[in-house]
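Each remark here refers to the structure printed beneath this line.
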Amino acid sequence: ELFLLDLHGETPVFQVLDRSQFGGIAGTSWSADSRWLAYGFPNSAQTSAIKLCRIETGVTTEISAPVLADTMPAFDPEGRYIYFIGQRDFDPVYDAVHFDLGFPRGGRPFVITLRRDVLSPFVPTPRSPDGKDAKKKPEEKKPDEQSETESPTPVEIDLDGITSRVQGFPVPEGKYGRILGVPGKAIFSSFPVDGMRSRPTGAERPGPRGTIESFSFETQRQERLVDGISDFWISRDGKSLIYQARDRIRVIKAGDKAPEGKDGNGDRPSRQSGWVDLGRVKVSVNPAAEGRQMFQEAWRLQREHFWT
């Protein structure tokens, strides 16, 4: 189920935006103007589609026609695209032992153009012979020049025919985690195909084997930014990227390569390295309330799962 809790009024308003009988919601993303919410929605026992909800009306629309699973949607900060991870292209791999075929990768980043007049991001921008842009972009206001009360530009979406405006990124098929957008680039994580024997057992946590890569729409090139990650996120203003590497967290400039230095386990937390000192985290505990919560949760587990 997908819930919305509106805290603007004197009394909070709670509502259910959508509900699937086949599985959990796979990723959510707000548009820059907060009028639209995109999310991965299991629409059958085998497939998951990307859906949009217009918050003002509560109307939901499927904007992708999945082959298998379309998940982890993310709005482009400039309101032109929605990115997502889709299982749509399959290159079978032979098993060396049983002479069978399998699909250990199966995923790729995709993009949906939100309006009919928006060109594909994979068409290079025309340039004049001197190397400058053929059309000069309007100057952007500096942060201190923008009014704090200025509303973001409304995100306009042409829903008619939107499922036919899906395009795959020109990157190899693989195991991708999530994709997020910054101005002029899409940033996504990928993971290697590991065997089951190499996976940790018991309470051990998997090692940070992922990679963060970016795709520049200006140069039409893919670039590796960070190795050894577990997951990543981008700040609301699109300026900072934060990634997790097992039990550590690091903040770097979004879209840029991680600063070079020692191995991640040797870098000390600082503004220069970007590593966050998690030893500064303080947790406030009320022992009496914590005890009651532990008792209630233990009883609920027994009540719901002991006898079937």
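Residue names in the structure tokens use chain letters A, B, ... in the order shown, residue numbers from 1 in each chain, and ligand numbers from 1 in the order shown.
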Show me, as a PDB file with all heavy atoms, in the first residue's frame, the residues that have an atom within 7 Å of segment 221-232 of chain A when counting only C-alpha atoms, minus same-chain residues fewer than 6 positions from it.
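Here's the written file around.pdb:
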```
ATOM      1  N   PRO A 208      30.523  -4.265   0.355  1.00  0.00           N
ATOM      2  CA  PRO A 208      30.127  -3.231  -0.623  1.00  0.00           C
ATOM      3  C   PRO A 208      30.753  -3.519  -1.977  1.00  0.00           C
ATOM      4  O   PRO A 208      31.878  -3.126  -2.258  1.00  0.00           O
ATOM      5  CB  PRO A 208      30.664  -1.947   0.008  1.00  0.00           C
ATOM      6  CG  PRO A 208      31.820  -2.376   0.855  1.00  0.00           C
ATOM      7  CD  PRO A 208      31.515  -3.765   1.323  1.00  0.00           C
ATOM      8  N   ARG A 209      30.025  -4.182  -2.851  1.00  0.00           N
ATOM      9  CA  ARG A 209      30.544  -4.587  -4.157  1.00  0.00           C
ATOM     10  C   ARG A 209      30.016  -3.728  -5.295  1.00  0.00           C
ATOM     11  O   ARG A 209      30.385  -3.914  -6.445  1.00  0.00           O
ATOM     12  CB  ARG A 209      30.144  -6.048  -4.434  1.00  0.00           C
ATOM     13  CG  ARG A 209      30.682  -7.067  -3.438  1.00  0.00           C
ATOM     14  CD  ARG A 209      32.165  -7.324  -3.613  1.00  0.00           C
ATOM     15  NE  ARG A 209      32.466  -7.682  -4.985  1.00  0.00           N
ATOM     16  CZ  ARG A 209      32.293  -8.920  -5.502  1.00  0.00           C
ATOM     17  NH1 ARG A 209      31.813  -9.877  -4.736  1.00  0.00           N
ATOM     18  NH2 ARG A 209      32.605  -9.176  -6.751  1.00  0.00           N
ATOM     19  N   GLY A 210      29.140  -2.790  -4.998  1.00  0.00           N
ATOM     20  CA  GLY A 210      28.492  -2.009  -6.051  1.00  0.00           C
ATOM     21  C   GLY A 210      29.350  -0.878  -6.582  1.00  0.00           C
ATOM     22  O   GLY A 210      30.374  -0.493  -5.998  1.00  0.00           O
ATOM     23  N   THR A 211      28.915  -0.329  -7.701  1.00  0.00           N
ATOM     24  CA  THR A 211      29.587   0.776  -8.373  1.00  0.00           C
ATOM     25  C   THR A 211      28.571   1.851  -8.716  1.00  0.00           C
ATOM     26  O   THR A 211      27.441   1.540  -9.095  1.00  0.00           O
ATOM     27  CB  THR A 211      30.263   0.288  -9.669  1.00  0.00           C
ATOM     28  OG1 THR A 211      31.242  -0.693  -9.350  1.00  0.00           O
ATOM     29  CG2 THR A 211      30.937   1.435 -10.399  1.00  0.00           C
ATOM     30  N   ILE A 212      28.959   3.118  -8.556  1.00  0.00           N
ATOM     31  CA  ILE A 212      28.119   4.240  -8.975  1.00  0.00           C
ATOM     32  C   ILE A 212      28.676   4.778 -10.283  1.00  0.00           C
ATOM     33  O   ILE A 212      29.867   5.070 -10.386  1.00  0.00           O
ATOM     34  CB  ILE A 212      28.090   5.363  -7.920  1.00  0.00           C
ATOM     35  CG1 ILE A 212      27.489   4.850  -6.609  1.00  0.00           C
ATOM     36  CG2 ILE A 212      27.269   6.548  -8.425  1.00  0.00           C
ATOM     37  CD1 ILE A 212      27.481   5.883  -5.499  1.00  0.00           C
ATOM     38  N   GLU A 213      27.804   4.908 -11.279  1.00  0.00           N
ATOM     39  CA  GLU A 213      28.198   5.414 -12.589  1.00  0.00           C
ATOM     40  C   GLU A 213      27.261   6.546 -12.996  1.00  0.00           C
ATOM     41  O   GLU A 213      26.130   6.633 -12.510  1.00  0.00           O
ATOM     42  CB  GLU A 213      28.181   4.295 -13.629  1.00  0.00           C
ATOM     43  CG  GLU A 213      29.141   3.165 -13.307  1.00  0.00           C
ATOM     44  CD  GLU A 213      29.027   2.034 -14.303  1.00  0.00           C
ATOM     45  OE1 GLU A 213      28.203   1.135 -14.076  1.00  0.00           O
ATOM     46  OE2 GLU A 213      29.764   2.061 -15.304  1.00  0.00           O
ATOM     47  N   SER A 214      27.728   7.378 -13.896  1.00  0.00           N
ATOM     48  CA  SER A 214      26.900   8.470 -14.406  1.00  0.00           C
ATOM     49  C   SER A 214      26.869   8.406 -15.920  1.00  0.00           C
ATOM     50  O   SER A 214      27.793   7.890 -16.558  1.00  0.00           O
ATOM     51  CB  SER A 214      27.444   9.831 -13.952  1.00  0.00           C
ATOM     52  OG  SER A 214      28.661  10.128 -14.607  1.00  0.00           O
ATOM     53  N   PHE A 215      25.787   8.942 -16.484  1.00  0.00           N
ATOM     54  CA  PHE A 215      25.663   9.069 -17.936  1.00  0.00           C
ATOM     55  C   PHE A 215      25.383  10.526 -18.243  1.00  0.00           C
ATOM     56  O   PHE A 215      24.375  11.076 -17.797  1.00  0.00           O
ATOM     57  CB  PHE A 215      24.555   8.179 -18.485  1.00  0.00           C
ATOM     58  CG  PHE A 215      24.492   8.152 -19.988  1.00  0.00           C
ATOM     59  CD1 PHE A 215      25.211   7.200 -20.706  1.00  0.00           C
ATOM     60  CD2 PHE A 215      23.743   9.088 -20.693  1.00  0.00           C
ATOM     61  CE1 PHE A 215      25.166   7.172 -22.089  1.00  0.00           C
ATOM     62  CE2 PHE A 215      23.702   9.068 -22.066  1.00  0.00           C
ATOM     63  CZ  PHE A 215      24.422   8.117 -22.771  1.00  0.00           C
ATOM     64  N   ILE A 242      25.187  10.997  -1.383  1.00  0.00           N
ATOM     65  CA  ILE A 242      25.598  10.272  -0.186  1.00  0.00           C
ATOM     66  C   ILE A 242      25.517   8.783  -0.489  1.00  0.00           C
ATOM     67  O   ILE A 242      24.542   8.316  -1.071  1.00  0.00           O
ATOM     68  CB  ILE A 242      24.715  10.641   1.027  1.00  0.00           C
ATOM     69  CG1 ILE A 242      25.183   9.912   2.288  1.00  0.00           C
ATOM     70  CG2 ILE A 242      23.245  10.375   0.763  1.00  0.00           C
ATOM     71  CD1 ILE A 242      24.535  10.415   3.560  1.00  0.00           C
ATOM     72  N   TYR A 243      26.597   8.064  -0.155  1.00  0.00           N
ATOM     73  CA  TYR A 243      26.568   6.626  -0.412  1.00  0.00           C
ATOM     74  C   TYR A 243      26.999   5.858   0.833  1.00  0.00           C
ATOM     75  O   TYR A 243      27.702   6.375   1.699  1.00  0.00           O
ATOM     76  CB  TYR A 243      27.420   6.247  -1.625  1.00  0.00           C
ATOM     77  CG  TYR A 243      28.922   6.348  -1.455  1.00  0.00           C
ATOM     78  CD1 TYR A 243      29.663   5.296  -0.917  1.00  0.00           C
ATOM     79  CD2 TYR A 243      29.612   7.473  -1.897  1.00  0.00           C
ATOM     80  CE1 TYR A 243      31.037   5.374  -0.799  1.00  0.00           C
ATOM     81  CE2 TYR A 243      30.989   7.555  -1.790  1.00  0.00           C
ATOM     82  CZ  TYR A 243      31.703   6.500  -1.241  1.00  0.00           C
ATOM     83  OH  TYR A 243      33.061   6.584  -1.120  1.00  0.00           O
ATOM     84  N   GLN A 244      26.520   4.626   0.892  1.00  0.00           N
ATOM     85  CA  GLN A 244      26.822   3.733   2.002  1.00  0.00           C
ATOM     86  C   GLN A 244      27.802   2.678   1.538  1.00  0.00           C
ATOM     87  O   GLN A 244      27.641   2.083   0.467  1.00  0.00           O
ATOM     88  CB  GLN A 244      25.544   3.075   2.516  1.00  0.00           C
ATOM     89  CG  GLN A 244      25.765   2.078   3.655  1.00  0.00           C
ATOM     90  CD  GLN A 244      24.496   1.361   4.042  1.00  0.00           C
ATOM     91  OE1 GLN A 244      23.427   1.644   3.495  1.00  0.00           O
ATOM     92  NE2 GLN A 244      24.588   0.409   4.962  1.00  0.00           N
ATOM     93  N   ALA A 245      28.842   2.430   2.320  1.00  0.00           N
ATOM     94  CA  ALA A 245      29.804   1.372   2.077  1.00  0.00           C
ATOM     95  C   ALA A 245      29.874   0.523   3.338  1.00  0.00           C
ATOM     96  O   ALA A 245      30.569   0.885   4.289  1.00  0.00           O
ATOM     97  CB  ALA A 245      31.170   1.944   1.731  1.00  0.00           C
ATOM     98  N   ARG A 246      29.083  -0.541   3.370  1.00  0.00           N
ATOM     99  CA  ARG A 246      28.904  -1.366   4.551  1.00  0.00           C
ATOM    100  C   ARG A 246      28.404  -0.512   5.714  1.00  0.00           C
ATOM    101  O   ARG A 246      27.285  -0.015   5.660  1.00  0.00           O
ATOM    102  CB  ARG A 246      30.194  -2.114   4.907  1.00  0.00           C
ATOM    103  CG  ARG A 246      29.937  -3.336   5.820  1.00  0.00           C
ATOM    104  CD  ARG A 246      31.230  -3.959   6.299  1.00  0.00           C
ATOM    105  NE  ARG A 246      31.955  -4.604   5.228  1.00  0.00           N
ATOM    106  CZ  ARG A 246      31.789  -5.882   4.864  1.00  0.00           C
ATOM    107  NH1 ARG A 246      30.907  -6.629   5.505  1.00  0.00           N
ATOM    108  NH2 ARG A 246      32.484  -6.402   3.887  1.00  0.00           N
ATOM    109  N   ASP A 256      30.211  14.078  -9.631  1.00  0.00           N
ATOM    110  CA  ASP A 256      31.669  14.096  -9.733  1.00  0.00           C
ATOM    111  C   ASP A 256      32.248  12.802  -9.180  1.00  0.00           C
ATOM    112  O   ASP A 256      31.624  12.114  -8.368  1.00  0.00           O
ATOM    113  CB  ASP A 256      32.262  15.278  -8.958  1.00  0.00           C
ATOM    114  CG  ASP A 256      31.971  16.612  -9.635  1.00  0.00           C
ATOM    115  OD1 ASP A 256      31.319  16.598 -10.698  1.00  0.00           O
ATOM    116  OD2 ASP A 256      32.375  17.653  -9.083  1.00  0.00           O
ATOM    117  N   LYS A 257      33.470  12.503  -9.594  1.00  0.00           N
ATOM    118  CA  LYS A 257      34.163  11.344  -9.055  1.00  0.00           C
ATOM    119  C   LYS A 257      34.502  11.573  -7.592  1.00  0.00           C
ATOM    120  O   LYS A 257      34.713  12.705  -7.153  1.00  0.00           O
ATOM    121  CB  LYS A 257      35.444  11.059  -9.845  1.00  0.00           C
ATOM    122  CG  LYS A 257      35.212  10.456 -11.217  1.00  0.00           C
ATOM    123  CD  LYS A 257      36.524  10.016 -11.828  1.00  0.00           C
ATOM    124  CE  LYS A 257      36.290   9.285 -13.149  1.00  0.00           C
ATOM    125  NZ  LYS A 257      37.561   8.803 -13.734  1.00  0.00           N
ATOM    126  N   ALA A 258      34.563  10.485  -6.830  1.00  0.00           N
ATOM    127  CA  ALA A 258      34.925  10.591  -5.425  1.00  0.00           C
ATOM    128  C   ALA A 258      36.364  11.062  -5.306  1.00  0.00           C
ATOM    129  O   ALA A 258      37.229  10.665  -6.100  1.00  0.00           O
ATOM    130  CB  ALA A 258      34.753   9.242  -4.735  1.00  0.00           C
TER     131      ALA A 258
END
```
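Within the 10 Å cut-off around Asp158 of chain A, using only C-alpha atoms and omitting residues fewer than 3 positions from it on the same chain, the listed residues are Thr113, Leu114, Arg115, Arg116, Asp117, Gly161 and Ile162 of chain A.
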Could you save the residues just selected, with N, CA, C and O atoms, as a short mmCIF file (atom, residue, chain, number, x, y, z; two decimals), in the first residue's frame?
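What landed in again.cif:
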```
data_model
loop_
_atom_site.label_atom_id
_atom_site.label_comp_id
_atom_site.auth_asym_id
_atom_site.auth_seq_id
_atom_site.Cartn_x
_atom_site.Cartn_y
_atom_site.Cartn_z
N THR A 113 10.19 10.17 -21.63
CA THR A 113 10.03 11.61 -21.85
C THR A 113 8.61 11.99 -21.43
O THR A 113 7.63 11.37 -21.84
N LEU A 114 8.51 13.03 -20.59
CA LEU A 114 7.23 13.36 -19.97
C LEU A 114 6.30 14.15 -20.88
O LEU A 114 5.10 14.20 -20.63
N ARG A 115 6.85 14.79 -21.91
CA ARG A 115 6.01 15.53 -22.86
C ARG A 115 6.37 15.11 -24.29
O ARG A 115 7.49 14.70 -24.58
N ARG A 116 5.39 15.26 -25.18
CA ARG A 116 5.62 14.86 -26.57
C ARG A 116 6.65 15.74 -27.27
O ARG A 116 7.31 15.31 -28.21
N ASP A 117 6.79 17.00 -26.82
CA ASP A 117 7.72 17.91 -27.47
C ASP A 117 9.14 17.81 -26.92
O ASP A 117 10.03 18.54 -27.37
N GLY A 161 -0.23 8.43 -24.73
CA GLY A 161 0.86 7.78 -25.45
C GLY A 161 2.17 7.72 -24.70
O GLY A 161 3.21 7.45 -25.30
N ILE A 162 2.14 7.92 -23.38
CA ILE A 162 3.39 7.99 -22.64
C ILE A 162 4.11 6.64 -22.57
O ILE A 162 5.34 6.58 -22.50
#
```
If you run DSSP on the backbone, which residues of segment 21-213 of chain A are strand (DSSP E or B), as a compact mmCIF listing (two decimals) with C-alpha atoms, in the first residue's frame?
```
# COMPACT_ATOMS: atom_id res chain seq x y z
CA THR A 28 8.91 6.31 -4.91
CA SER A 29 9.89 9.72 -6.28
CA TRP A 30 8.38 13.21 -6.00
CA TRP A 36 3.19 14.18 -8.95
CA LEU A 37 4.39 11.00 -7.27
CA ALA A 38 5.98 8.18 -9.28
CA TYR A 39 6.29 4.66 -7.90
CA GLY A 40 6.90 1.05 -8.91
CA PHE A 41 3.62 -0.86 -8.72
CA PRO A 42 3.21 -4.68 -8.98
CA SER A 48 5.59 -4.40 -12.06
CA ALA A 49 4.83 -1.10 -13.82
CA ILE A 50 5.74 2.52 -13.17
CA LYS A 51 2.71 4.52 -12.06
CA LEU A 52 2.02 8.21 -11.54
CA CYS A 53 -0.32 9.73 -8.98
CA ARG A 54 -1.62 13.28 -9.39
CA VAL A 59 -5.87 9.84 -9.99
CA THR A 60 -3.27 7.15 -10.77
CA THR A 61 -1.97 6.17 -14.23
CA GLU A 62 0.37 3.43 -15.44
CA ALA A 69 9.66 -5.59 -13.54
CA ASP A 70 9.88 -1.80 -13.97
CA THR A 71 10.98 -0.39 -10.60
CA MET A 72 12.80 2.43 -8.77
CA PRO A 73 11.44 5.48 -10.67
CA ALA A 74 13.09 8.88 -10.28
CA PHE A 75 12.11 12.30 -11.65
CA TYR A 81 12.06 12.78 -17.77
CA ILE A 82 11.37 9.91 -15.41
CA TYR A 83 14.13 7.35 -15.04
CA PHE A 84 13.63 3.76 -13.88
CA ILE A 85 15.28 0.32 -13.79
CA GLY A 86 13.57 -2.15 -16.12
CA VAL A 93 24.03 -17.01 -20.79
CA TYR A 94 25.01 -20.68 -21.10
CA LEU A 101 20.49 -21.05 -20.33
CA GLY A 102 19.93 -18.39 -17.67
CA GLY A 107 18.19 -5.16 -16.18
CA ARG A 108 18.99 -1.76 -17.64
CA PRO A 109 18.20 1.91 -16.91
CA PHE A 110 15.36 3.42 -18.95
CA VAL A 111 13.94 6.90 -19.47
CA ILE A 112 10.44 8.21 -20.21
CA THR A 113 10.03 11.61 -21.85
CA ARG A 127 26.88 22.66 -31.74
CA ASP A 133 26.18 25.55 -28.08
CA VAL A 166 10.20 4.65 -23.15
CA GLN A 167 13.85 4.39 -24.23
CA GLY A 168 16.71 2.32 -22.88
CA GLY A 174 23.42 -5.87 -15.90
CA LYS A 175 22.28 -5.88 -12.28
CA TYR A 176 21.29 -2.31 -11.46
CA GLY A 177 20.18 -1.00 -8.08
CA ARG A 178 18.68 2.47 -8.45
CA ILE A 179 18.86 5.47 -10.78
CA LEU A 180 18.58 9.15 -9.81
CA GLY A 181 18.85 12.41 -11.74
CA VAL A 182 20.95 15.55 -11.46
CA LYS A 185 23.17 13.59 -15.93
CA ALA A 186 21.64 10.37 -14.68
CA ILE A 187 23.42 8.50 -11.88
CA PHE A 188 22.87 4.79 -11.28
CA SER A 189 24.34 1.90 -9.28
CA SER A 190 25.28 -1.53 -10.59
CA PHE A 191 26.41 -4.76 -8.94
CA GLY A 210 28.49 -2.01 -6.05
CA THR A 211 29.59 0.78 -8.37
CA ILE A 212 28.12 4.24 -8.98
CA GLU A 213 28.20 5.41 -12.59
```
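The spacing separating atom CA of Asp160 of chain A from atom CA of Ile63 of chain A amounts to 9.4 Å.
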Length of the atom CA of Leu159 of chain A to atom CA of Asp18 of chain A vector [Å]: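 So the answer is 18.3 Å.
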Helix (DSSP H, G or I) call set, DSSP backbone run, segment 43-269 of chain A, as a PyMOL selection string: chain A and resi 143-145+162-164+196-198
Contacts of segment 120-123 of chain A within 8 Å, only C-alpha atoms, excl. fewer than 2 positions in-chain, as a list in words: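 Result of the neighbour search: Thr113, Val118, Thr125, Phe169, Phe217 and Gln220 of chain A.
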